[in-house]
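> Sharing target-v6.txt below, compact mmCIF, C-alpha atoms and all ligand atoms:
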# COMPACT_ATOMS: atom_id res chain seq x y z
CA MET A 1 53.38 -61.17 75.79
CA ALA A 2 56.31 -59.89 73.71
CA PRO A 3 59.54 -61.90 74.18
CA ALA A 4 62.05 -60.21 76.51
CA LYS A 5 64.73 -58.23 74.74
CA ILE A 6 68.23 -59.65 74.83
CA ARG A 7 70.32 -57.54 77.26
CA VAL A 8 73.69 -56.70 75.71
CA ILE A 9 76.61 -54.89 77.34
CA ILE A 10 79.10 -53.35 74.93
CA VAL A 11 82.49 -52.60 76.49
CA GLY A 12 84.17 -49.74 74.63
CA ALA A 13 82.60 -46.74 72.89
CA GLY A 14 85.12 -46.28 70.10
CA ILE A 15 83.90 -46.38 66.52
CA VAL A 16 83.54 -50.19 66.63
CA GLY A 17 81.54 -50.28 69.89
CA ALA A 18 79.40 -47.36 68.70
CA SER A 19 78.50 -49.15 65.47
CA LEU A 20 77.67 -52.34 67.37
CA ALA A 21 75.44 -50.33 69.72
CA PHE A 22 73.65 -48.80 66.73
CA HIS A 23 73.06 -52.11 64.95
CA PHE A 24 72.04 -54.08 68.04
CA ALA A 25 69.67 -51.38 69.32
CA ARG A 26 68.08 -50.93 65.89
CA ARG A 27 67.42 -54.65 65.81
CA GLY A 28 65.68 -54.76 69.16
CA ALA A 29 68.40 -55.50 71.73
CA ALA A 30 68.51 -53.65 75.07
CA VAL A 31 72.03 -52.20 74.88
CA HIS A 32 74.12 -50.83 77.74
CA MET A 33 77.46 -49.30 76.70
CA VAL A 34 80.27 -49.10 79.24
CA GLU A 35 83.25 -46.91 78.43
CA GLY A 36 86.19 -46.12 80.70
CA SER A 37 86.55 -42.64 79.24
CA ALA A 38 84.26 -40.78 76.78
CA ALA A 39 82.66 -41.89 73.52
CA GLY A 40 85.15 -41.80 70.63
CA SER A 41 88.09 -41.01 72.89
CA GLY A 42 90.27 -44.10 72.30
CA VAL A 43 92.40 -44.50 69.17
CA THR A 44 89.25 -43.48 67.26
CA SER A 45 90.04 -39.88 68.31
CA ARG A 46 93.43 -40.17 66.60
CA ALA A 47 92.20 -41.63 63.30
CA PHE A 48 92.71 -39.82 60.01
CA GLY A 49 89.11 -40.60 59.06
CA TRP A 50 89.55 -42.03 55.59
CA VAL A 51 86.89 -44.55 54.62
CA ASN A 52 88.44 -45.99 51.51
CA ILE A 53 89.07 -48.96 49.29
CA ILE A 54 91.82 -47.38 47.20
CA ASN A 55 94.50 -47.75 49.87
CA ILE A 56 93.78 -51.47 50.24
CA VAL A 57 95.74 -53.94 48.11
CA PRO A 58 93.37 -56.01 45.92
CA GLY A 59 93.61 -59.74 46.46
CA PRO A 60 94.04 -60.51 50.16
CA ALA A 61 90.94 -61.60 52.10
CA ASN A 62 90.36 -58.21 53.69
CA TYR A 63 89.66 -56.62 50.26
CA ARG A 64 86.23 -58.31 49.94
CA LEU A 65 85.46 -57.24 53.48
CA VAL A 66 86.37 -53.61 52.73
CA GLN A 67 84.20 -53.69 49.59
CA GLU A 68 81.34 -54.82 51.80
CA ALA A 69 82.28 -52.14 54.36
CA LEU A 70 81.91 -49.38 51.76
CA ALA A 71 78.52 -50.76 50.74
CA GLU A 72 77.53 -50.68 54.42
CA TYR A 73 78.66 -47.03 54.66
CA ALA A 74 76.43 -46.21 51.67
CA ARG A 75 73.46 -47.80 53.51
CA LEU A 76 74.32 -45.87 56.68
CA GLN A 77 74.49 -42.59 54.73
CA THR A 78 71.00 -43.22 53.37
CA ASP A 79 69.79 -44.08 56.86
CA LEU A 80 71.41 -41.11 58.67
CA PRO A 81 72.00 -38.35 56.08
CA ALA A 82 72.47 -35.59 58.68
CA VAL A 83 75.32 -37.51 60.35
CA PHE A 84 77.25 -37.51 57.07
CA ALA A 85 76.51 -33.90 56.06
CA ALA A 86 80.14 -32.80 56.66
CA ALA A 87 81.77 -35.91 55.14
CA ARG A 88 83.80 -35.28 51.97
CA PRO A 89 83.67 -37.83 49.16
CA GLY A 90 86.36 -38.86 46.69
CA SER A 91 90.11 -39.54 46.89
CA LEU A 92 93.00 -39.07 44.52
CA PHE A 93 95.71 -41.71 44.92
CA TRP A 94 99.00 -42.13 43.08
CA LEU A 95 102.20 -44.14 43.36
CA ALA A 96 105.82 -43.26 42.51
CA SER A 97 105.40 -43.76 38.74
CA ALA A 98 102.51 -43.54 36.27
CA ALA A 99 103.08 -47.21 35.33
CA GLU A 100 102.66 -48.30 38.97
CA THR A 101 99.54 -46.14 39.38
CA GLU A 102 98.01 -47.57 36.19
CA ALA A 103 98.77 -51.14 37.26
CA PHE A 104 97.21 -50.50 40.69
CA ALA A 105 94.06 -49.04 39.08
CA ALA A 106 93.82 -52.09 36.82
CA ALA A 107 94.12 -54.43 39.84
CA HIS A 108 91.28 -52.61 41.61
CA ARG A 109 89.08 -52.83 38.51
CA MET A 110 89.85 -56.55 38.14
CA ALA A 111 88.74 -56.94 41.76
CA GLY A 112 85.41 -55.28 40.94
CA THR A 113 85.99 -51.75 42.27
CA ASP A 114 84.84 -48.82 40.20
CA VAL A 115 87.85 -46.45 39.94
CA GLU A 116 88.88 -43.96 37.27
CA LEU A 117 92.33 -42.89 36.02
CA VAL A 118 92.64 -39.12 35.65
CA ASP A 119 95.46 -37.22 33.90
CA ALA A 120 97.65 -34.36 35.13
CA ALA A 121 95.43 -31.67 33.56
CA THR A 122 92.35 -33.01 35.34
CA ILE A 123 94.22 -33.28 38.63
CA ALA A 124 95.46 -29.68 38.24
CA ALA A 125 91.90 -28.48 37.57
CA TRP A 126 90.47 -30.41 40.51
CA GLU A 127 93.28 -29.56 42.94
CA PRO A 128 94.77 -26.21 41.83
CA ASN A 129 96.89 -25.96 44.99
CA LEU A 130 98.88 -29.10 44.22
CA ARG A 131 102.21 -27.68 42.98
CA GLU A 132 103.25 -30.62 40.78
CA PRO A 133 100.35 -32.85 39.80
CA PRO A 134 101.43 -36.41 38.99
CA ALA A 135 101.11 -37.67 35.38
CA CYS A 136 98.06 -39.64 36.48
CA ALA A 137 96.15 -40.56 39.62
CA ILE A 138 93.36 -42.93 40.58
CA PHE A 139 90.07 -41.24 41.44
CA SER A 140 88.09 -43.32 43.89
CA PRO A 141 84.66 -41.66 44.00
CA ARG A 142 83.04 -43.67 46.83
CA ASP A 143 85.77 -43.00 49.41
CA LEU A 144 84.81 -40.68 52.24
CA ALA A 145 86.62 -38.43 54.71
CA LEU A 146 84.92 -37.90 58.05
CA ASP A 147 85.48 -37.27 61.75
CA PRO A 148 85.47 -40.77 63.33
CA ALA A 149 85.03 -39.60 66.93
CA LYS A 150 81.99 -37.53 65.95
CA LEU A 151 80.60 -40.48 63.98
CA ALA A 152 80.98 -42.67 67.10
CA ARG A 153 79.05 -40.12 69.20
CA ASP A 154 76.38 -39.69 66.51
CA LEU A 155 75.85 -43.45 66.19
CA ILE A 156 75.44 -43.78 69.96
CA ASP A 157 72.95 -40.89 69.98
CA ALA A 158 71.04 -42.43 67.06
CA ALA A 159 71.00 -45.81 68.82
CA GLY A 160 69.42 -44.29 71.94
CA VAL A 161 71.12 -46.78 74.26
CA THR A 162 71.88 -46.70 77.98
CA ALA A 163 75.47 -45.55 78.46
CA THR A 164 77.86 -45.52 81.38
CA PHE A 165 80.86 -43.33 80.56
CA GLY A 166 83.96 -42.72 82.68
CA ARG A 167 83.77 -46.11 84.40
CA LYS A 168 86.09 -48.94 83.46
CA VAL A 169 85.18 -52.61 83.30
CA GLU A 170 87.49 -54.54 85.60
CA SER A 171 86.44 -58.07 84.61
CA LEU A 172 83.67 -60.22 83.21
CA ILE A 173 81.55 -62.04 85.80
CA LEU A 174 81.65 -65.79 85.32
CA SER A 175 78.79 -67.79 86.87
CA GLY A 176 79.58 -71.45 86.21
CA ASN A 177 80.35 -71.51 82.52
CA THR A 178 78.31 -68.43 81.67
CA ILE A 179 79.20 -64.75 81.62
CA SER A 180 76.45 -62.96 83.53
CA GLY A 181 77.70 -59.37 83.27
CA VAL A 182 80.62 -57.09 84.07
CA ARG A 183 82.27 -55.88 87.25
CA LEU A 184 83.35 -52.24 87.15
CA ALA A 185 86.64 -50.98 88.55
CA ASP A 186 84.70 -49.11 91.29
CA ASP A 187 83.02 -52.42 92.22
CA GLY A 188 79.68 -51.79 90.52
CA VAL A 189 78.04 -54.68 88.67
CA ILE A 190 75.97 -54.63 85.47
CA GLU A 191 74.14 -57.79 84.43
CA ALA A 192 73.45 -58.94 80.88
CA ASP A 193 72.73 -61.94 78.66
CA LEU A 194 75.73 -61.12 76.44
CA VAL A 195 78.90 -59.05 76.90
CA ILE A 196 80.52 -57.75 73.72
CA LEU A 197 84.13 -56.67 73.99
CA ALA A 198 84.84 -53.74 71.65
CA ALA A 199 87.75 -52.50 73.73
CA GLY A 200 90.30 -52.12 70.91
CA THR A 201 93.89 -52.84 71.95
CA ALA A 202 92.70 -53.50 75.55
CA VAL A 203 90.54 -56.49 74.59
CA ASP A 204 92.98 -59.14 75.81
CA HIS A 205 93.11 -57.64 79.32
CA LEU A 206 89.44 -58.56 79.58
CA THR A 207 89.65 -62.06 78.08
CA GLU A 208 92.82 -63.15 79.87
CA ASN A 209 91.17 -64.58 82.99
CA LEU A 210 88.91 -66.64 80.69
CA GLY A 211 92.03 -68.34 79.28
CA PHE A 212 91.70 -66.80 75.81
CA ARG A 213 93.69 -64.14 73.97
CA THR A 214 92.76 -62.69 70.61
CA GLY A 215 96.43 -61.88 69.95
CA VAL A 216 95.71 -58.21 69.19
CA GLU A 217 98.80 -56.05 68.66
CA ALA A 218 99.11 -52.28 69.19
CA SER A 219 100.36 -50.79 65.93
CA PRO A 220 101.56 -47.17 66.20
CA SER A 221 100.80 -44.39 63.76
CA ILE A 222 100.90 -40.60 64.07
CA ILE A 223 98.07 -38.13 63.55
CA LEU A 224 98.94 -34.52 62.72
CA ARG A 225 96.42 -31.69 62.55
CA TYR A 226 97.14 -28.15 61.33
CA ASN A 227 95.12 -24.95 61.49
CA CYS A 228 94.60 -23.41 58.07
CA ALA A 229 92.73 -20.19 57.31
CA GLU A 230 91.34 -21.09 53.86
CA PRO A 231 90.07 -23.97 51.77
CA VAL A 232 93.06 -25.56 49.99
CA LEU A 233 92.06 -29.11 49.07
CA ASN A 234 88.88 -30.54 47.57
CA ARG A 235 89.57 -34.26 47.96
CA ILE A 236 91.63 -36.63 50.08
CA LEU A 237 95.11 -36.81 48.52
CA ARG A 238 97.43 -39.79 48.92
CA GLY A 239 100.76 -39.70 47.08
CA PRO A 240 104.26 -40.91 48.00
CA GLY A 241 105.17 -39.43 51.40
CA LEU A 242 101.95 -37.47 51.97
CA GLU A 243 98.41 -38.50 52.98
CA ILE A 244 96.33 -35.37 53.57
CA ARG A 245 92.77 -34.11 53.73
CA GLN A 246 91.00 -30.94 54.76
CA SER A 247 87.86 -30.84 56.89
CA ALA A 248 84.96 -28.38 56.67
CA ASP A 249 86.57 -26.17 59.37
CA ASN A 250 89.63 -25.87 57.02
CA ARG A 251 91.83 -27.90 59.36
CA LEU A 252 94.40 -30.03 57.50
CA HIS A 253 94.80 -33.63 58.68
CA VAL A 254 97.81 -35.82 57.92
CA ALA A 255 98.38 -39.47 58.84
CA LYS A 256 101.92 -40.72 59.08
CA GLY A 257 101.57 -44.46 58.66
CA TYR A 258 105.05 -45.74 59.32
CA ILE A 259 107.00 -44.53 62.30
CA ASP A 260 110.25 -45.87 63.71
CA ASP A 261 110.95 -46.06 67.44
CA HIS A 262 112.82 -42.80 67.21
CA GLU A 263 109.88 -40.82 65.81
CA GLU A 264 107.15 -42.54 67.81
CA ASN A 265 108.20 -40.56 70.88
CA MET A 266 108.46 -37.25 69.05
CA PRO A 267 105.23 -36.65 67.14
CA GLU A 268 105.69 -32.85 67.22
CA ARG A 269 109.03 -33.13 65.47
CA VAL A 270 107.38 -35.31 62.82
CA GLY A 271 104.63 -32.68 62.52
CA GLN A 272 107.13 -29.90 61.80
CA ARG A 273 108.99 -32.07 59.28
CA ILE A 274 105.73 -32.89 57.48
CA LEU A 275 104.76 -29.18 57.45
CA LYS A 276 107.86 -28.50 55.32
CA ILE A 277 106.80 -31.29 52.92
CA MET A 278 103.28 -29.81 52.80
CA HIS A 279 104.71 -26.41 51.77
CA GLU A 280 106.87 -28.08 49.10
CA ARG A 281 103.92 -29.98 47.61
CA LEU A 282 101.01 -27.57 48.14
CA ARG A 283 100.31 -23.85 47.79
CA LEU A 284 99.33 -23.08 51.37
CA PRO A 285 98.21 -19.75 52.82
CA GLU A 286 100.31 -17.97 55.44
CA GLY A 287 100.13 -19.18 59.00
CA VAL A 288 99.43 -22.92 58.67
CA SER A 289 100.41 -24.26 62.10
CA LEU A 290 100.54 -27.58 63.88
CA VAL A 291 97.82 -27.88 66.53
CA GLU A 292 97.88 -31.60 67.32
CA ALA A 293 100.59 -34.25 66.98
CA ALA A 294 100.03 -37.58 68.70
CA ALA A 295 100.77 -41.28 68.30
CA GLY A 296 97.79 -43.64 68.34
CA TYR A 297 97.84 -47.41 68.74
CA ARG A 298 95.71 -49.33 66.26
CA PRO A 299 94.25 -52.74 67.18
CA PHE A 300 95.95 -54.88 64.57
CA PHE A 301 96.24 -58.60 63.77
CA SER A 302 99.17 -59.98 61.80
CA ASP A 303 96.86 -61.57 59.18
CA GLY A 304 95.26 -58.16 58.49
CA MET A 305 91.77 -59.43 59.39
CA PRO A 306 89.55 -58.30 62.28
CA ARG A 307 88.23 -60.66 64.95
CA LEU A 308 84.47 -61.16 65.34
CA GLY A 309 82.78 -63.97 67.25
CA PHE A 310 81.87 -65.68 70.53
CA LEU A 311 84.71 -66.42 72.93
CA PRO A 312 85.43 -70.16 73.12
CA GLY A 313 84.97 -72.11 76.36
CA VAL A 314 82.29 -69.85 77.92
CA GLU A 315 78.73 -68.80 77.14
CA GLY A 316 77.76 -65.18 76.69
CA ALA A 317 80.92 -63.32 75.61
CA TYR A 318 81.66 -61.92 72.16
CA ALA A 319 84.62 -59.96 70.71
CA ALA A 320 84.67 -57.34 67.94
CA VAL A 321 88.04 -55.77 67.22
CA GLY A 322 90.36 -55.04 64.31
CA HIS A 323 91.88 -52.68 61.81
CA PRO A 324 91.08 -50.56 59.82
CA GLY A 325 88.43 -49.94 62.44
CA VAL A 326 86.83 -46.80 61.01
CA ILE A 327 86.33 -48.41 57.61
CA LEU A 328 85.12 -51.68 59.08
CA ALA A 329 82.96 -50.45 61.99
CA PRO A 330 79.58 -50.36 60.18
CA VAL A 331 80.06 -53.76 58.57
CA LEU A 332 81.30 -55.29 61.84
CA GLY A 333 78.17 -53.95 63.54
CA ARG A 334 75.88 -55.49 60.96
CA LEU A 335 77.71 -58.84 60.81
CA ALA A 336 77.80 -59.12 64.62
CA ALA A 337 74.05 -58.43 64.82
CA ASP A 338 73.38 -61.04 62.09
CA HIS A 339 75.49 -63.53 64.03
CA VAL A 340 74.20 -62.95 67.55
CA LEU A 341 70.55 -62.14 66.84
CA GLU A 342 69.91 -64.40 63.84
CA GLY A 343 72.60 -67.08 64.09
CA ARG A 344 74.13 -66.18 60.70
CA ARG A 345 77.92 -66.17 60.82
CA SER A 346 79.63 -64.32 57.96
CA THR A 347 82.14 -66.16 55.80
CA LEU A 348 83.90 -62.82 55.16
CA ILE A 349 85.76 -63.07 58.48
CA PRO A 350 87.59 -66.29 59.43
CA PRO A 351 86.86 -67.49 62.99
CA ALA A 352 90.52 -67.29 64.20
CA GLY A 353 89.80 -69.07 67.49
CA LEU A 354 86.39 -67.46 68.00
CA ILE A 355 83.09 -69.27 67.47
C1 LIG A 401 97.12 -41.90 62.96
C2 LIG A 401 96.02 -42.88 62.72
C3 LIG A 401 95.27 -42.80 61.57
C4 LIG A 401 94.25 -43.72 61.32
N1 LIG A 401 93.50 -43.58 60.22
C5 LIG A 401 92.51 -44.46 59.96
C6 LIG A 401 91.71 -44.30 58.81
O1 LIG A 401 91.86 -43.35 58.04
N2 LIG A 401 90.74 -45.25 58.55
C7 LIG A 401 90.55 -46.30 59.42
O2 LIG A 401 89.68 -47.13 59.14
N3 LIG A 401 91.28 -46.45 60.53
C8 LIG A 401 92.25 -45.55 60.82
N4 LIG A 401 92.98 -45.69 61.96
C9 LIG A 401 92.72 -46.83 62.84
C10 LIG A 401 91.48 -46.56 63.70
O3 LIG A 401 91.73 -45.44 64.51
C11 LIG A 401 91.19 -47.79 64.57
O4 LIG A 401 91.20 -48.98 63.79
C12 LIG A 401 89.80 -47.66 65.21
O5 LIG A 401 89.63 -46.37 65.76
C13 LIG A 401 89.62 -48.72 66.28
O6 LIG A 401 88.40 -48.46 66.92
P1 LIG A 401 87.97 -49.25 68.21
O7 LIG A 401 86.60 -48.81 68.54
O8 LIG A 401 88.23 -50.71 68.01
O9 LIG A 401 89.05 -48.81 69.32
P2 LIG A 401 89.08 -47.53 70.29
O10 LIG A 401 88.73 -46.30 69.58
O11 LIG A 401 90.40 -47.55 70.98
O12 LIG A 401 87.91 -47.82 71.30
C14 LIG A 401 88.05 -48.76 72.34
C15 LIG A 401 87.44 -48.13 73.59
O13 LIG A 401 87.41 -49.10 74.61
C16 LIG A 401 87.59 -48.43 75.84
N5 LIG A 401 88.03 -49.41 76.81
C17 LIG A 401 89.15 -50.18 76.78
N6 LIG A 401 89.20 -50.97 77.87
C18 LIG A 401 88.09 -50.70 78.59
C19 LIG A 401 87.58 -51.19 79.83
N7 LIG A 401 88.22 -52.13 80.55
N8 LIG A 401 86.41 -50.68 80.30
C20 LIG A 401 85.73 -49.73 79.58
N9 LIG A 401 86.17 -49.23 78.41
C21 LIG A 401 87.33 -49.71 77.93
C22 LIG A 401 88.64 -47.38 75.53
O14 LIG A 401 88.60 -46.32 76.46
C23 LIG A 401 88.26 -46.96 74.11
O15 LIG A 401 87.44 -45.80 74.13
C24 LIG A 401 93.99 -44.76 62.27
C25 LIG A 401 94.70 -44.82 63.45
C26 LIG A 401 95.71 -43.88 63.69
C27 LIG A 401 96.45 -43.93 64.98
Rewrite the structure from the file as structure tokens, please.

Amino acid sequence: MAPAKIRVIIVGAGIVGASLAFHFARRGAAVHMVEGSAAGSGVTSRAFGWVNIINIVPGPANYRLVQEALAEYARLQTDLPAVFAAARPGSLFWLASAAETEAFAAAHRMAGTDVELVDAATIAAWEPNLREPPACAIFSPRDLALDPAKLARDLIDAAGVTATFGRKVESLILSGNTISGVRLADDGVIEADLVILAAGTAVDHLTENLGFRTGVEASPSIILRYNCAEPVLNRILRGPGLEIRQSADNRLHVAKGYIDDHEENMPERVGQRILKIMHERLRLPEGVSLVEAAAGYRPFFSDGMPRLGFLPGVEGAYAAVGHPGVILAPVLGRLAADHVLEGRRSTLIPPAGLI
């Protein structure tokens, strides 16, 4: 008789939970996802969708993890080519001066990342709608731009798991020292051998009654989306004051990383201000207009690393959360499956209180 499949509940169907569902189901677990809203509707729906290494500073521990994350994306693209059909590869990145850009490219190369320096003439040929190309930029060929919410839905579909959407988990059920499942807010119960918390910034609400907190913080950032009638950009562009990409439907997407308290509450005002900057920097067609402006709260830890591991003090509960979640989701899914299903814990992510 075949051994019984491990029954895993995944709480949260953002990009991280979706990737975990995919990896666990592919490796033989019986997965049940529980999501309070819809798949990909948390902060994943507000993400810019840039899977990149070039915006990561070489050196700190998360750099190795992001290198591994890009390798995992390459494997996923081979595995699910149709899912990535609309993804756009390649970014151009530059800093305030050519000297700073060159030094940053050199640091990436030293850290083992394959990047190329391109000059103003090349940039102008590649991106003819950039009004004033910088003297040089870093071309990062393996970066990708994609729709993270769609990727979350596609991974869940590809996983073929059981899913309960629109029902919130109220608490984990503790039987003695073991978690035996989850209690839903409407009083339903789902049983499992393991509960994985992929609830983003909400993770500590679920661990609190077990006497453990991951220490996740909610870090705000603004997403701006603009209708645009024509193709304008070929790659993701990241220069001082502007991070922009265009999707296959011609929509322009901008992420505004830093916001002060003043702007956090007024995303539309930020969107109109950025539209002026876009017109200054880019040749845009008539009628580009703001269609979405919203703050999103990223699950962030002060050491810049994600959290992945079993909760201490109980049996049967696991946490998977951290930033940058879109970049890291596939690698977190694989590492969690290695850990839970094969007992191999990755040295890429320090335990930070987890087991
Ligand atoms: C403007 C902006 C731009 C960004 N750009 C990028 C980028 O380019 N690249 C990148 O890597 N990252 C980016 N991020 C960060 C990225 O969005 C997050 O790191 C990532 O989406 C986190 O995914 P998650 O699955 O952990 O969280 P979420 O997407 O928030 O998913 C958690 C899910 O858990 C559910 N949930 C919570 N509590 C419960 C409960 N009790 N019961 C049931 N369900 C529950 C929620 O409804 C939610 O759907 C950006 C973020 C913002 C705001």
> Skip Val57 of chain A itself and residues of its chain fewer than 2 positions away, then list as an NGL selection string all residues within 12 Å of it, counting all atoms listed in the file.
:A and (52-55 or 59-64 or 66-67 or 103-111 or 113 or 304)
> Env of Gly181 of chain A: 10 Å cut, atoms = all atoms listed in the file, seq-sep filter 6 positions within chain, self excluded. Answer as an mmCIF file with C-alpha atoms, keeping the file's coordinate frame.

data_model
loop_
_atom_site.group_PDB
_atom_site.id
_atom_site.type_symbol
_atom_site.label_atom_id
_atom_site.label_comp_id
_atom_site.auth_asym_id
_atom_site.auth_seq_id
_atom_site.Cartn_x
_atom_site.Cartn_y
_atom_site.Cartn_z
ATOM 1 C CA ARG A 7 70.320 -57.540 77.260
ATOM 2 C CA VAL A 8 73.690 -56.700 75.710
ATOM 3 C CA ILE A 9 76.610 -54.890 77.340
ATOM 4 C CA SER A 171 86.440 -58.070 84.610
ATOM 5 C CA LEU A 172 83.670 -60.220 83.210
ATOM 6 C CA ILE A 173 81.550 -62.040 85.800
ATOM 7 C CA LEU A 174 81.650 -65.790 85.320
ATOM 8 C CA SER A 175 78.790 -67.790 86.870
ATOM 9 C CA VAL A 189 78.040 -54.680 88.670
ATOM 10 C CA ILE A 190 75.970 -54.630 85.470
ATOM 11 C CA GLU A 191 74.140 -57.790 84.430
ATOM 12 C CA ALA A 192 73.450 -58.940 80.880
ATOM 13 C CA ASP A 193 72.730 -61.940 78.660
ATOM 14 C CA LEU A 194 75.730 -61.120 76.440
ATOM 15 C CA VAL A 195 78.900 -59.050 76.900
ATOM 16 C CA GLY A 316 77.760 -65.180 76.690
ATOM 17 C CA ALA A 317 80.920 -63.320 75.610
#
> Quick one: residues within 8 Å of Phe139 of chain A, all atoms listed in the file, excluding same-chain residues fewer than 3 positions away - as a PyMOL selection string?
chain A and resi 90-93+115-118
> Restricting the calculation to only C-alpha atoms and all ligand atoms: of A:Met305, A:Ala320, A:Ile6, A:Ile355, which residue gets closest to ligand LIG 401 (chain A)?
A:Ala320
> Skip Ser45 of chain A itself and residues of its chain fewer than 2 positions away, then list as a list in words all residues within 10 Å of it, counting only C-alpha atoms.
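The neighbour list is Gly14, Ile15, Ala39, Gly40, Ser41, Gly42, Val43, Ala47, Phe48, Gly49, Asp147, Pro148, Ala149, Lys150, Ala152, Ile223 and Gly296 of chain A.
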> Find the residues near ligand LIG 401 (chain A). Use a cut-off of 6 Å, count only C-alpha atoms and all ligand atoms, and write them as a count of residues only.
43
> Tell me, in Å to one decimal, how far atom CA of Ala185 of chain A is from atom CA of Arg213 of chain A.
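The value is 20.9 Å.
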> Can you pull out every residue within 7 Å of Leu95 of chain A, counting all atoms listed in the file, but drop anything in the same chain fewer than 2 positions away, and send it as an NGL selection string?
:A and (97 or 100-101 or 239-240)
> Axis-aligned box over every listed atom of segment 320-336 of chain A, padded by 3 Å per side: centre and edges in Å to one decimal, as lines of an AutoDock Vina configuration file?

center_x = 83.9
center_y = -53.0
center_z = 62.8
size_x = 22.0
size_y = 18.3
size_z = 16.3
> Using Å and a single decimal, report how far atom CA of Ser19 of chain A sits from atom CA of Val161 of chain A.
11.7 Å
> Between atom CA of Ala21 of chain A and atom CA of Ala163 of chain A, what distance in Å does the model show, to one decimal?
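Atom-to-atom, atom CA of Ala21 of chain A to atom CA of Ala163 of chain A, that is 10.0 Å.
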> For Pro312 of chain A, which residue out of A:Arg235, A:Glu286, A:Arg334, A:Leu210 is the nearest one, using only C-alpha atoms?
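Smallest distance to Pro312 of chain A is found for A:Leu210.
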> From the options A:Met33, A:Ala99, A:Ser247, A:Lys5, which residue's atoms come nearest to Ile196 of chain A, counting all atoms listed in the file?
A:Met33
> Check the smallest atom-to-atom distance from each of A:Arg281, A:Phe22, A:Arg153, A:Phe300 to Ala218 of chain A using all atoms listed in the file, then report the winner.
A:Phe300
> Counting all atoms listed in the file, figure out which residue out of A:Leu354, A:Val331, A:Leu184, A:Ala120 gets nearest to Gly313 of chain A.
A:Leu354
> Which of these residues is nearest to Leu282 of chain A, using only C-alpha atoms: A:Leu130, A:Ala121, A:Ile244, A:Leu20?
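Selected residue with least distance to Leu282 of chain A: A:Leu130.
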> As a CSV table (one decimal), in the frame of the given file, could you write out segment 138-149 of chain A once it has been completed with N, CA and C atoms?

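Ended up saving to result-v2.csv:
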chain,number,residue,atom,x,y,z
A,138,ILE,N,94.6,-42.2,40.5
A,138,ILE,CA,93.4,-42.9,40.6
A,138,ILE,C,92.3,-42.1,41.3
A,139,PHE,N,91.2,-41.9,40.7
A,139,PHE,CA,90.1,-41.2,41.4
A,139,PHE,C,89.1,-42.3,42.0
A,140,SER,N,89.0,-42.3,43.3
A,140,SER,CA,88.1,-43.3,43.9
A,140,SER,C,86.9,-42.6,44.4
A,141,PRO,N,85.8,-42.6,43.7
A,141,PRO,CA,84.7,-41.7,44.0
A,141,PRO,C,83.9,-42.0,45.3
A,142,ARG,N,83.9,-43.3,45.7
A,142,ARG,CA,83.0,-43.7,46.8
A,142,ARG,C,83.8,-43.5,48.2
A,143,ASP,N,85.1,-43.2,48.1
A,143,ASP,CA,85.8,-43.0,49.4
A,143,ASP,C,85.2,-41.8,50.1
A,144,LEU,N,85.3,-41.8,51.4
A,144,LEU,CA,84.8,-40.7,52.2
A,144,LEU,C,85.8,-40.2,53.2
A,145,ALA,N,85.8,-38.9,53.6
A,145,ALA,CA,86.6,-38.4,54.7
A,145,ALA,C,85.7,-37.9,55.8
A,146,LEU,N,85.8,-38.3,57.0
A,146,LEU,CA,84.9,-37.9,58.0
A,146,LEU,C,85.6,-37.9,59.4
A,147,ASP,N,84.9,-37.3,60.4
A,147,ASP,CA,85.5,-37.3,61.8
A,147,ASP,C,85.0,-38.5,62.5
A,148,PRO,N,85.9,-39.5,62.7
A,148,PRO,CA,85.5,-40.8,63.3
A,148,PRO,C,84.9,-40.6,64.8
A,149,ALA,N,85.5,-39.7,65.5
A,149,ALA,CA,85.0,-39.6,66.9
A,149,ALA,C,83.6,-39.0,66.9
